[in-house]
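Data file: my_file.csv. Format and content: CSV, C-alpha atoms.
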```
chain,number,residue,atom,x,y,z
A,17,LYS,CA,46.5,-105.9,-29.0
A,18,GLN,CA,49.2,-105.7,-26.4
A,19,ARG,CA,49.1,-104.2,-22.9
A,20,GLY,CA,51.8,-101.6,-22.3
A,21,ARG,CA,53.8,-102.4,-19.2
A,22,SER,CA,57.0,-101.2,-17.8
A,23,GLN,CA,58.9,-100.4,-14.6
A,24,ARG,CA,61.8,-98.1,-13.8
A,25,ILE,CA,63.9,-98.9,-10.7
A,26,SER,CA,62.6,-101.5,-8.3
A,27,GLY,CA,61.0,-100.3,-5.1
A,28,GLY,CA,58.0,-98.3,-4.3
A,29,GLY,CA,56.9,-95.0,-2.8
A,30,GLU,CA,57.6,-94.1,0.8
A,31,GLU,CA,54.4,-95.1,2.5
A,32,VAL,CA,52.8,-92.1,4.2
A,33,LYS,CA,49.6,-93.6,5.6
A,34,ASN,CA,47.6,-90.4,6.4
A,35,PHE,CA,47.7,-86.7,6.6
A,36,LYS,CA,49.0,-86.7,10.2
A,37,GLU,CA,52.1,-88.5,9.0
A,38,LEU,CA,52.3,-86.1,6.1
A,39,ILE,CA,52.1,-83.1,8.4
A,40,ASP,CA,54.7,-84.6,10.7
A,41,LYS,CA,57.0,-84.9,7.7
A,42,VAL,CA,56.4,-81.2,6.8
A,43,LYS,CA,57.1,-80.2,10.4
A,44,SER,CA,60.4,-82.0,10.3
A,45,GLN,CA,61.5,-79.9,7.3
A,46,GLY,CA,59.8,-76.6,8.1
A,47,PRO,CA,59.1,-73.9,8.7
A,48,PHE,CA,58.1,-72.8,5.2
A,49,THR,CA,57.2,-69.3,4.1
A,50,ILE,CA,53.8,-69.0,2.4
A,51,ALA,CA,52.4,-66.0,0.6
A,52,VAL,CA,48.6,-65.6,0.9
A,53,ALA,CA,46.9,-63.7,-1.9
A,54,ALA,CA,44.1,-61.4,-0.7
A,55,ALA,CA,44.6,-62.7,2.9
A,56,ASP,CA,41.7,-60.7,4.4
A,57,ASP,CA,39.7,-63.9,4.6
A,58,ARG,CA,38.7,-65.5,7.9
A,59,GLU,CA,38.5,-69.1,6.5
A,60,VAL,CA,42.0,-69.1,4.9
A,61,LEU,CA,43.5,-67.4,7.9
A,62,GLY,CA,41.9,-70.0,10.2
A,63,ALA,CA,43.8,-72.7,8.2
A,64,VAL,CA,47.0,-70.6,8.3
A,65,LYS,CA,46.7,-70.3,12.1
A,66,LEU,CA,46.4,-74.1,12.4
A,67,ALA,CA,49.6,-74.5,10.3
A,68,MET,CA,51.3,-71.8,12.4
A,69,ASP,CA,50.3,-73.6,15.6
A,70,LEU,CA,51.7,-76.8,14.2
A,71,GLY,CA,54.9,-74.9,13.5
A,72,PHE,CA,55.5,-75.4,9.8
A,73,VAL,CA,54.6,-72.1,8.2
A,74,ASN,CA,55.5,-68.4,8.5
A,75,PRO,CA,53.0,-66.4,6.5
A,76,VAL,CA,53.3,-63.3,4.4
A,77,LEU,CA,49.7,-61.9,4.2
A,78,VAL,CA,49.0,-59.7,1.2
A,79,GLY,CA,45.7,-57.8,1.4
A,80,ASP,CA,43.8,-55.2,3.3
A,81,GLU,CA,46.0,-54.6,6.3
A,82,ASP,CA,43.2,-53.4,8.6
A,83,LYS,CA,40.9,-56.3,7.8
A,84,ILE,CA,43.8,-58.8,8.2
A,85,LYS,CA,44.8,-57.4,11.6
A,86,GLU,CA,41.2,-57.6,12.7
A,87,ILE,CA,40.9,-61.2,11.7
A,88,ILE,CA,44.3,-62.0,13.3
A,89,ASN,CA,43.1,-60.6,16.6
A,90,GLU,CA,39.8,-62.5,16.4
A,91,LEU,CA,41.6,-65.7,15.8
A,92,ASN,CA,44.2,-65.0,18.4
A,93,MET,CA,47.0,-65.6,15.9
A,94,ASP,CA,50.6,-64.8,16.7
A,95,ALA,CA,50.8,-61.4,15.1
A,96,GLY,CA,54.6,-61.2,15.6
A,97,LYS,CA,55.0,-64.1,13.1
A,98,CYS,CA,52.7,-62.6,10.5
A,99,GLN,CA,54.2,-60.3,7.9
A,100,ILE,CA,51.5,-58.1,6.3
A,101,VAL,CA,51.8,-56.5,2.9
A,102,HIS,CA,49.0,-54.0,2.4
A,103,ASP,CA,47.0,-54.0,-0.8
A,104,SER,CA,43.2,-53.5,-0.7
A,105,ASP,CA,42.7,-54.5,-4.3
A,106,ALA,CA,42.3,-58.3,-4.7
A,107,ALA,CA,43.9,-58.5,-8.2
A,108,SER,CA,46.8,-56.4,-7.2
A,109,ALA,CA,47.2,-58.4,-4.0
A,110,ALA,CA,47.3,-61.6,-6.0
A,111,ALA,CA,50.0,-60.1,-8.3
A,112,LYS,CA,52.1,-59.0,-5.3
A,113,ALA,CA,51.8,-62.5,-3.6
A,114,VAL,CA,52.9,-64.1,-6.9
A,115,SER,CA,55.9,-61.7,-7.1
A,116,ILE,CA,56.9,-62.6,-3.5
A,117,VAL,CA,56.9,-66.3,-4.4
A,118,LYS,CA,58.7,-65.7,-7.7
A,119,SER,CA,61.5,-63.8,-5.9
A,120,GLY,CA,62.0,-66.7,-3.5
A,121,GLU,CA,60.8,-64.9,-0.4
A,122,ALA,CA,58.1,-67.5,-0.1
A,123,GLN,CA,57.9,-71.1,-1.3
A,124,VAL,CA,54.2,-71.6,-1.6
A,125,LEU,CA,51.3,-69.5,-2.9
A,126,VAL,CA,47.9,-69.7,-1.2
A,127,LYS,CA,44.6,-68.3,-2.4
A,128,GLY,CA,42.6,-66.0,-0.2
A,129,MET,CA,39.6,-63.8,-0.9
A,130,VAL,CA,40.2,-63.5,-4.6
A,131,ASN,CA,38.3,-64.8,-7.6
A,132,THR,CA,39.9,-68.0,-9.0
A,133,SER,CA,40.2,-66.6,-12.6
A,134,VAL,CA,42.0,-63.4,-11.2
A,135,TYR,CA,44.3,-65.6,-9.1
A,136,MET,CA,45.2,-67.9,-12.0
A,137,ARG,CA,45.7,-64.9,-14.3
A,138,ALA,CA,48.4,-63.6,-11.9
A,139,ILE,CA,50.0,-67.0,-11.8
A,140,LEU,CA,50.0,-67.3,-15.6
A,141,ASN,CA,51.1,-63.8,-16.3
A,142,ARG,CA,53.8,-64.1,-19.1
A,143,ASP,CA,56.1,-61.4,-17.6
A,144,ASN,CA,55.6,-61.6,-13.9
A,145,GLY,CA,53.9,-65.0,-13.2
A,146,LEU,CA,55.1,-68.5,-12.3
A,147,ARG,CA,55.1,-70.1,-15.7
A,148,THR,CA,57.5,-73.0,-16.4
A,149,GLY,CA,56.4,-74.0,-19.9
A,150,ARG,CA,54.6,-77.0,-18.6
A,151,LEU,CA,50.9,-77.4,-18.4
A,152,ILE,CA,49.2,-76.4,-15.2
A,153,SER,CA,47.4,-79.4,-13.5
A,154,LEU,CA,45.7,-80.3,-10.3
A,155,THR,CA,47.0,-83.2,-8.2
A,156,ALA,CA,44.7,-84.4,-5.4
A,157,VAL,CA,45.7,-86.6,-2.5
A,158,TYR,CA,43.2,-88.9,-0.6
A,159,GLU,CA,43.3,-90.6,2.8
A,160,MET,CA,40.8,-93.5,3.0
A,161,PRO,CA,40.1,-95.9,5.9
A,162,CYS,CA,40.0,-98.8,3.3
A,163,TYR,CA,43.5,-98.1,1.8
A,164,HIS,CA,46.9,-98.6,3.5
A,165,LYS,CA,48.5,-95.3,2.5
A,166,LEU,CA,47.8,-91.9,0.8
A,167,ILE,CA,46.8,-92.1,-2.8
A,168,PHE,CA,47.6,-89.4,-5.3
A,169,GLY,CA,45.5,-88.7,-8.4
A,170,THR,CA,45.8,-86.4,-11.4
A,171,ASP,CA,44.3,-84.5,-13.1
A,172,SER,CA,40.8,-84.2,-11.6
A,173,GLY,CA,40.2,-80.5,-11.6
A,174,ILE,CA,41.8,-78.4,-14.4
A,175,ASN,CA,42.4,-80.2,-17.8
A,176,THR,CA,39.2,-81.6,-19.2
A,177,ALA,CA,40.3,-84.0,-21.9
A,178,PRO,CA,44.1,-84.0,-22.0
A,179,ASN,CA,45.8,-85.3,-25.1
A,180,LEU,CA,49.0,-87.4,-24.9
A,181,GLU,CA,51.4,-84.5,-24.7
A,182,GLN,CA,49.3,-82.9,-22.0
A,183,LYS,CA,49.2,-86.2,-20.1
A,184,LYS,CA,52.9,-86.2,-20.2
A,185,ASP,CA,53.0,-82.8,-18.5
A,186,ILE,CA,50.4,-83.9,-16.0
A,187,LEU,CA,52.3,-87.0,-15.0
A,188,THR,CA,55.6,-85.0,-14.9
A,189,ASN,CA,54.1,-82.4,-12.6
A,190,ALA,CA,52.9,-85.1,-10.2
A,191,LEU,CA,56.1,-87.1,-10.2
A,192,LEU,CA,58.3,-84.0,-9.6
A,193,ALA,CA,56.1,-83.0,-6.7
A,194,MET,CA,56.2,-86.5,-5.2
A,195,GLU,CA,59.9,-86.6,-5.6
A,196,SER,CA,60.2,-83.3,-3.7
A,197,MET,CA,58.0,-84.7,-1.0
A,198,GLY,CA,60.4,-87.6,-0.5
A,199,PHE,CA,58.4,-90.3,-2.3
A,200,GLN,CA,61.0,-92.6,-4.0
A,201,ASN,CA,60.0,-94.5,-7.1
A,202,PRO,CA,56.2,-94.2,-6.7
A,203,LYS,CA,54.0,-96.9,-8.3
A,204,VAL,CA,51.9,-95.3,-11.0
A,205,ALA,CA,48.7,-96.8,-12.5
A,206,VAL,CA,47.7,-95.2,-15.8
A,207,LEU,CA,43.9,-95.9,-15.7
A,208,ALA,CA,41.7,-96.8,-18.6
A,209,ALA,CA,38.6,-99.0,-19.2
A,210,ASN,CA,40.6,-102.1,-19.6
A,211,GLU,CA,44.2,-103.3,-19.7
A,212,MET,CA,44.4,-104.1,-23.4
A,213,VAL,CA,45.6,-101.5,-25.9
A,214,ASP,CA,42.7,-100.8,-28.2
A,215,PRO,CA,42.8,-98.0,-30.8
A,216,LYS,CA,39.0,-97.5,-30.3
A,217,ILE,CA,39.7,-96.5,-26.7
A,218,PRO,CA,42.2,-93.7,-26.9
A,219,ALA,CA,43.0,-93.7,-23.2
A,220,THR,CA,44.5,-97.2,-23.6
A,221,SER,CA,46.8,-96.0,-26.4
A,222,ASP,CA,47.8,-93.0,-24.4
A,223,ALA,CA,48.6,-95.1,-21.3
A,224,ALA,CA,50.8,-97.5,-23.3
A,225,ALA,CA,52.6,-94.5,-24.9
A,226,LEU,CA,53.3,-93.0,-21.4
A,227,VAL,CA,54.8,-96.3,-20.4
A,228,GLU,CA,57.0,-96.3,-23.4
A,229,MET,CA,58.1,-92.7,-22.6
A,230,ALA,CA,59.0,-93.9,-19.1
A,231,LYS,CA,61.2,-96.6,-20.6
A,232,GLU,CA,63.1,-93.8,-22.5
A,233,GLY,CA,63.6,-91.8,-19.3
A,234,ALA,CA,61.1,-89.1,-19.9
A,235,PHE,CA,59.9,-89.0,-16.3
A,236,PRO,CA,61.4,-88.9,-12.8
A,237,PRO,CA,62.1,-92.5,-11.4
A,238,CYS,CA,58.9,-94.4,-11.0
A,239,ILE,CA,57.3,-97.8,-11.5
A,240,ILE,CA,54.6,-97.3,-14.1
A,241,GLU,CA,52.1,-99.6,-15.7
A,242,GLY,CA,49.2,-99.0,-18.1
A,243,PRO,CA,46.7,-99.2,-19.3
A,244,LEU,CA,45.3,-100.6,-16.1
A,245,SER,CA,41.6,-101.0,-15.3
A,246,PHE,CA,40.6,-99.9,-11.8
A,247,ASP,CA,40.2,-103.4,-10.4
A,248,ILE,CA,43.6,-104.5,-11.7
A,249,ALA,CA,45.2,-101.4,-10.2
A,250,PHE,CA,43.8,-102.1,-6.7
A,251,ASP,CA,43.3,-105.8,-6.5
A,252,ALA,CA,46.3,-108.1,-6.9
A,253,HIS,CA,44.0,-111.1,-6.9
A,254,ALA,CA,42.1,-109.8,-9.9
A,255,ALA,CA,45.4,-109.3,-11.7
A,256,ALA,CA,46.5,-112.8,-10.9
A,257,HIS,CA,43.2,-114.2,-12.0
A,258,LYS,CA,43.6,-112.5,-15.3
A,259,GLY,CA,47.2,-113.8,-15.6
A,260,ILE,CA,48.7,-110.3,-15.4
A,261,GLU,CA,52.0,-109.9,-13.7
A,262,SER,CA,52.1,-106.5,-12.1
A,263,LYS,CA,54.3,-104.6,-9.6
A,264,VAL,CA,51.7,-101.9,-9.2
A,265,SER,CA,48.5,-103.9,-8.6
A,266,GLY,CA,47.2,-103.6,-5.1
A,267,ASP,CA,49.7,-100.9,-4.1
A,268,PRO,CA,49.6,-97.8,-6.4
A,269,ASP,CA,50.8,-94.5,-5.1
A,270,LEU,CA,49.6,-92.4,-8.1
A,271,LEU,CA,46.7,-92.7,-10.4
A,272,VAL,CA,46.7,-91.0,-13.8
A,273,PHE,CA,43.1,-90.4,-14.9
A,274,PRO,CA,42.1,-90.5,-18.6
A,275,ASN,CA,40.0,-87.3,-18.3
A,276,ILE,CA,38.6,-84.8,-15.8
A,277,GLU,CA,35.3,-86.6,-15.4
A,278,SER,CA,36.8,-89.9,-14.3
A,279,GLY,CA,39.1,-88.3,-11.8
A,280,ASN,CA,36.5,-85.9,-10.5
A,281,MET,CA,33.8,-88.5,-10.0
A,282,LEU,CA,36.1,-91.1,-8.5
A,283,GLY,CA,37.5,-88.6,-6.0
A,284,LYS,CA,34.0,-87.4,-5.0
A,285,SER,CA,32.7,-90.9,-4.6
A,286,TRP,CA,35.5,-91.6,-2.2
A,287,LEU,CA,34.6,-88.5,-0.2
A,288,GLN,CA,30.9,-89.4,-0.3
A,289,PHE,CA,31.0,-93.1,0.4
A,290,ASN,CA,34.4,-93.9,1.9
A,291,GLN,CA,34.8,-91.2,4.5
A,292,ALA,CA,37.9,-90.0,2.6
A,293,LYS,CA,39.9,-86.9,3.6
A,294,TRP,CA,41.6,-85.0,0.8
A,295,ALA,CA,43.9,-82.2,-0.2
A,296,GLY,CA,44.9,-80.7,-3.5
A,297,ILE,CA,47.6,-78.5,-5.1
A,298,VAL,CA,48.1,-77.0,-8.5
A,299,LEU,CA,51.3,-78.0,-10.1
A,300,GLY,CA,53.2,-77.0,-13.2
A,301,ALA,CA,54.1,-73.5,-11.9
A,302,SER,CA,57.6,-72.7,-10.7
A,303,SER,CA,56.3,-73.1,-7.1
A,304,PRO,CA,53.4,-75.1,-5.6
A,305,VAL,CA,50.0,-73.3,-5.6
A,306,VAL,CA,47.2,-73.9,-3.2
A,307,LEU,CA,43.9,-73.1,-4.9
A,308,GLY,CA,41.1,-74.2,-2.7
A,309,SER,CA,37.5,-72.9,-2.4
A,310,ARG,CA,35.4,-71.3,0.2
A,311,SER,CA,33.5,-74.5,0.7
A,312,ASP,CA,36.7,-76.3,1.8
A,313,THR,CA,36.9,-77.1,5.5
A,314,PRO,CA,39.8,-75.8,7.6
A,315,GLU,CA,41.1,-79.3,7.7
A,316,ILE,CA,41.2,-79.5,3.9
A,317,LYS,CA,42.9,-76.1,3.6
A,318,LEU,CA,45.4,-77.2,6.3
A,319,ASN,CA,46.1,-80.4,4.5
A,320,SER,CA,46.5,-78.6,1.2
A,321,ILE,CA,48.9,-76.0,2.7
A,322,ALA,CA,50.9,-78.9,4.2
A,323,LEU,CA,51.0,-80.7,0.8
A,324,GLY,CA,52.2,-77.5,-0.9
A,325,CYS,CA,54.9,-77.0,1.6
A,326,LEU,CA,56.1,-80.6,1.3
A,327,ALA,CA,56.1,-80.2,-2.5
A,328,ALA,CA,58.3,-77.1,-2.1
A,329,ALA,CA,60.8,-78.9,0.2
A,330,ASN,CA,63.6,-79.3,-2.3
A,331,GLN,CA,63.1,-75.8,-3.7
A,332,LYS,CA,63.6,-74.5,-0.1
A,333,LYS,CA,67.0,-76.2,0.2
```

Please, can you express the file's structure as structure tokens?
Amino acid sequence: KQRGRSQRISGGGEEVKNFKELIDKVKSQGPFTIAVAAADDREVLGAVKLAMDLGFVNPVLVGDEDKIKEIINELNMDAGKCQIVHDSDAASAAAKAVSIVKSGEAQVLVKGMVNTSVYMRAILNRDNGLRTGRLISLTAVYEMPCYHKLIFGTDSGINTAPNLEQKKDILTNALLAMESMGFQNPKVAVLAANEMVDPKIPATSDAAALVEMAKEGAFPPCIIEGPLSFDIAFDAHAAAHKGIESKVSGDPDLLVFPNIESGNMLGKSWLQFNQAKWAGIVLGASSPVVLGSRSDTPEIKLNSIALGCLAAANQKK
């Protein structure tokens, strides 16, 4: 049994320690135009206002014009910087917002008061959507007091039990987004139960296969190792104790989860017990997509919008 390990190009990710630094990075490259689907929603417009006040977005608000104007007035938003496209039907508003992004008039799509399934249906429409041929996946980003920089993780919210080909797309999506954000040669830990390749544990075989793909140039530049157990990924002393030479241990930028349960539970445990902050974007479409939910705080929505804008940075140029 051999542990799959590799690296591509020495170096590491540009260390962005927290969301404040990420937002500062977005501000230096903005403003970005975002299209909000079914924008007649106080919560999402509250986050849009925060982003506008910080100076990194110009919004195109698609939805019920009267309701949008009412919320804009209540929130004291700068109405002169808000373009409104009237459509009182949520599904139609989602389709229009998608078309605005597809045409290049906006760089990021943001979910408003529309059902997630309706929103995703507009994105995945074969004729008028934002398909690329790659799998759609969720990449989450966490800021924790106990870690020295932001940590990316994928996929913790869309693909339940991805096979190897799907993991290839999931990793590609994350690396392309990180590259657009300015992260150079991020350190990637492909997680599994242990660091030995064992056919009885498919996640270990998949991890080793992803490392081999990286050797063949299948991914954007990165330093990738796997399979790695969680302790080896984050504790260089544990790696040394086990006699493992690693350029990732203690300093990963991106975690690739073996399945949705592991990513979901790890992320939620960080939120519950480590006072983590987080954001998330949907990748694999032709432009970044902010999904979100009504339970998200304005801070989470703001961070996610900022993340989407930064992921769109190269597309904007």

Determine the nearest neighbour of Asp82 (chain A) from the options A:Lys203, A:His102, A:Lys165, A:Lys65, counting all atoms listed in the file. A:His102

Can you list, as an MDAnalysis selection string, every protein, DNA or RNA residue that comes within 9 Å of Lys118 (chain A) when you count all atoms listed in the file, leaving out same-chain residues fewer than 4 positions away? chainID A and resid 113:114 122:123 144:146 302:303

Please provide as a compact mmCIF listing (two decimals) with C-alpha atoms, in the frame of the given file all residues within 8 Å of region 184-198 of chain A, with the sequence filter that same-chain residues fewer than 6 positions apart are discarded (counting all atoms listed in the file).
```
# COMPACT_ATOMS: atom_id res chain seq x y z
CA GLU A 30 57.60 -94.10 0.80
CA ARG A 150 54.60 -77.00 -18.60
CA LEU A 151 50.90 -77.40 -18.40
CA ILE A 152 49.20 -76.40 -15.20
CA SER A 153 47.40 -79.40 -13.50
CA THR A 155 47.00 -83.20 -8.20
CA THR A 170 45.80 -86.40 -11.40
CA ASP A 171 44.30 -84.50 -13.10
CA LEU A 226 53.30 -93.00 -21.40
CA PHE A 235 59.90 -89.00 -16.30
CA PRO A 236 61.40 -88.90 -12.80
CA CYS A 238 58.90 -94.40 -11.00
CA VAL A 272 46.70 -91.00 -13.80
CA LEU A 299 51.30 -78.00 -10.10
CA GLY A 300 53.20 -77.00 -13.20
CA LEU A 326 56.10 -80.60 1.30
CA ALA A 327 56.10 -80.20 -2.50
CA ALA A 328 58.30 -77.10 -2.10
CA ALA A 329 60.80 -78.90 0.20
CA ASN A 330 63.60 -79.30 -2.30
```

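The protein and nucleic acid residues lying at most 12 Å from Cys162 (chain A) are Lys33, Asn34, Tyr158, Glu159, Lys165, Leu166, Ile167, Phe250, Trp286, Phe289, Asn290, Gln291, Ala292 and Lys293 of chain A, with all atoms listed in the file considered and sequence neighbours fewer than 3 positions away removed.
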
Requested write-out: C-alpha atoms of the selected residues, as a PDB file, in the coordinates of the input:
```pdb
ATOM      1  CA  LYS A  33      49.600 -93.600   5.600  1.00  0.00           C
ATOM      2  CA  ASN A  34      47.600 -90.400   6.400  1.00  0.00           C
ATOM      3  CA  TYR A 158      43.200 -88.900  -0.600  1.00  0.00           C
ATOM      4  CA  GLU A 159      43.300 -90.600   2.800  1.00  0.00           C
ATOM      5  CA  LYS A 165      48.500 -95.300   2.500  1.00  0.00           C
ATOM      6  CA  LEU A 166      47.800 -91.900   0.800  1.00  0.00           C
ATOM      7  CA  ILE A 167      46.800 -92.100  -2.800  1.00  0.00           C
ATOM      8  CA  PHE A 250      43.800-102.100  -6.700  1.00  0.00           C
ATOM      9  CA  TRP A 286      35.500 -91.600  -2.200  1.00  0.00           C
ATOM     10  CA  PHE A 289      31.000 -93.100   0.400  1.00  0.00           C
ATOM     11  CA  ASN A 290      34.400 -93.900   1.900  1.00  0.00           C
ATOM     12  CA  GLN A 291      34.800 -91.200   4.500  1.00  0.00           C
ATOM     13  CA  ALA A 292      37.900 -90.000   2.600  1.00  0.00           C
ATOM     14  CA  LYS A 293      39.900 -86.900   3.600  1.00  0.00           C
TER      15      LYS A 293
END
```

re CA of Leu244 (chain A) and CA of Ala209 (chain A): distance 7.6 Å

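CA of Lys85 (chain A) is found 21.9 Å from CA of Val117 (chain A).
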
Restricting to only C-alpha atoms, whichever of A:Ala106, A:Ala249, A:Leu271, A:Met68 is closest to Lys183 (chain A) is A:Leu271

I'd like the contact shell of Asp40 (chain A) - 12 Å cut-off, all atoms listed in the file, skipping same-chain residues fewer than 3 positions apart - returned as a PyMOL selection string. chain A and resi 32-37+43-47+67+70-72+319+322-323+325-326

Using all atoms listed in the file, list the residues that have an atom at most 12 Å from (39.4, -67.0, -12.5), coordinates as in the file, as a count of residues only. 17

Selection as a list of chain:residue names: residues within 12 Å of (39.9, -65.1, 16.5), counting all atoms listed in the file: A:Asp57, A:Arg58, A:Glu59, A:Leu61, A:Gly62, A:Ala63, A:Lys65, A:Leu66, A:Ile84, A:Lys85, A:Glu86, A:Ile87, A:Ile88, A:Asn89, A:Glu90, A:Leu91, A:Asn92, A:Met93, A:Asp94, A:Ala95

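In terms of minimum interatomic distance to Ser119 (chain A), A:Ala51 ranks closest within A:Ala51, A:Ser285, A:Lys83, A:Leu207, counting all atoms listed in the file.
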
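Using all atoms listed in the file for every distance, the candidate list A:Gly128, A:Pro314, A:Pro215, A:Gly283 yields A:Gly283 as the residue closest to Met160 (chain A).
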
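Distance-wise, CA of Gly169 (chain A) and CA of Asp312 (chain A) end up 18.3 Å apart.
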
Name the closest residue to Leu154 (chain A) among the candidates A:Ile276, A:Leu180, A:Leu282, A:Ile316; distances are taken between atoms, counting only C-alpha atoms. A:Ile276
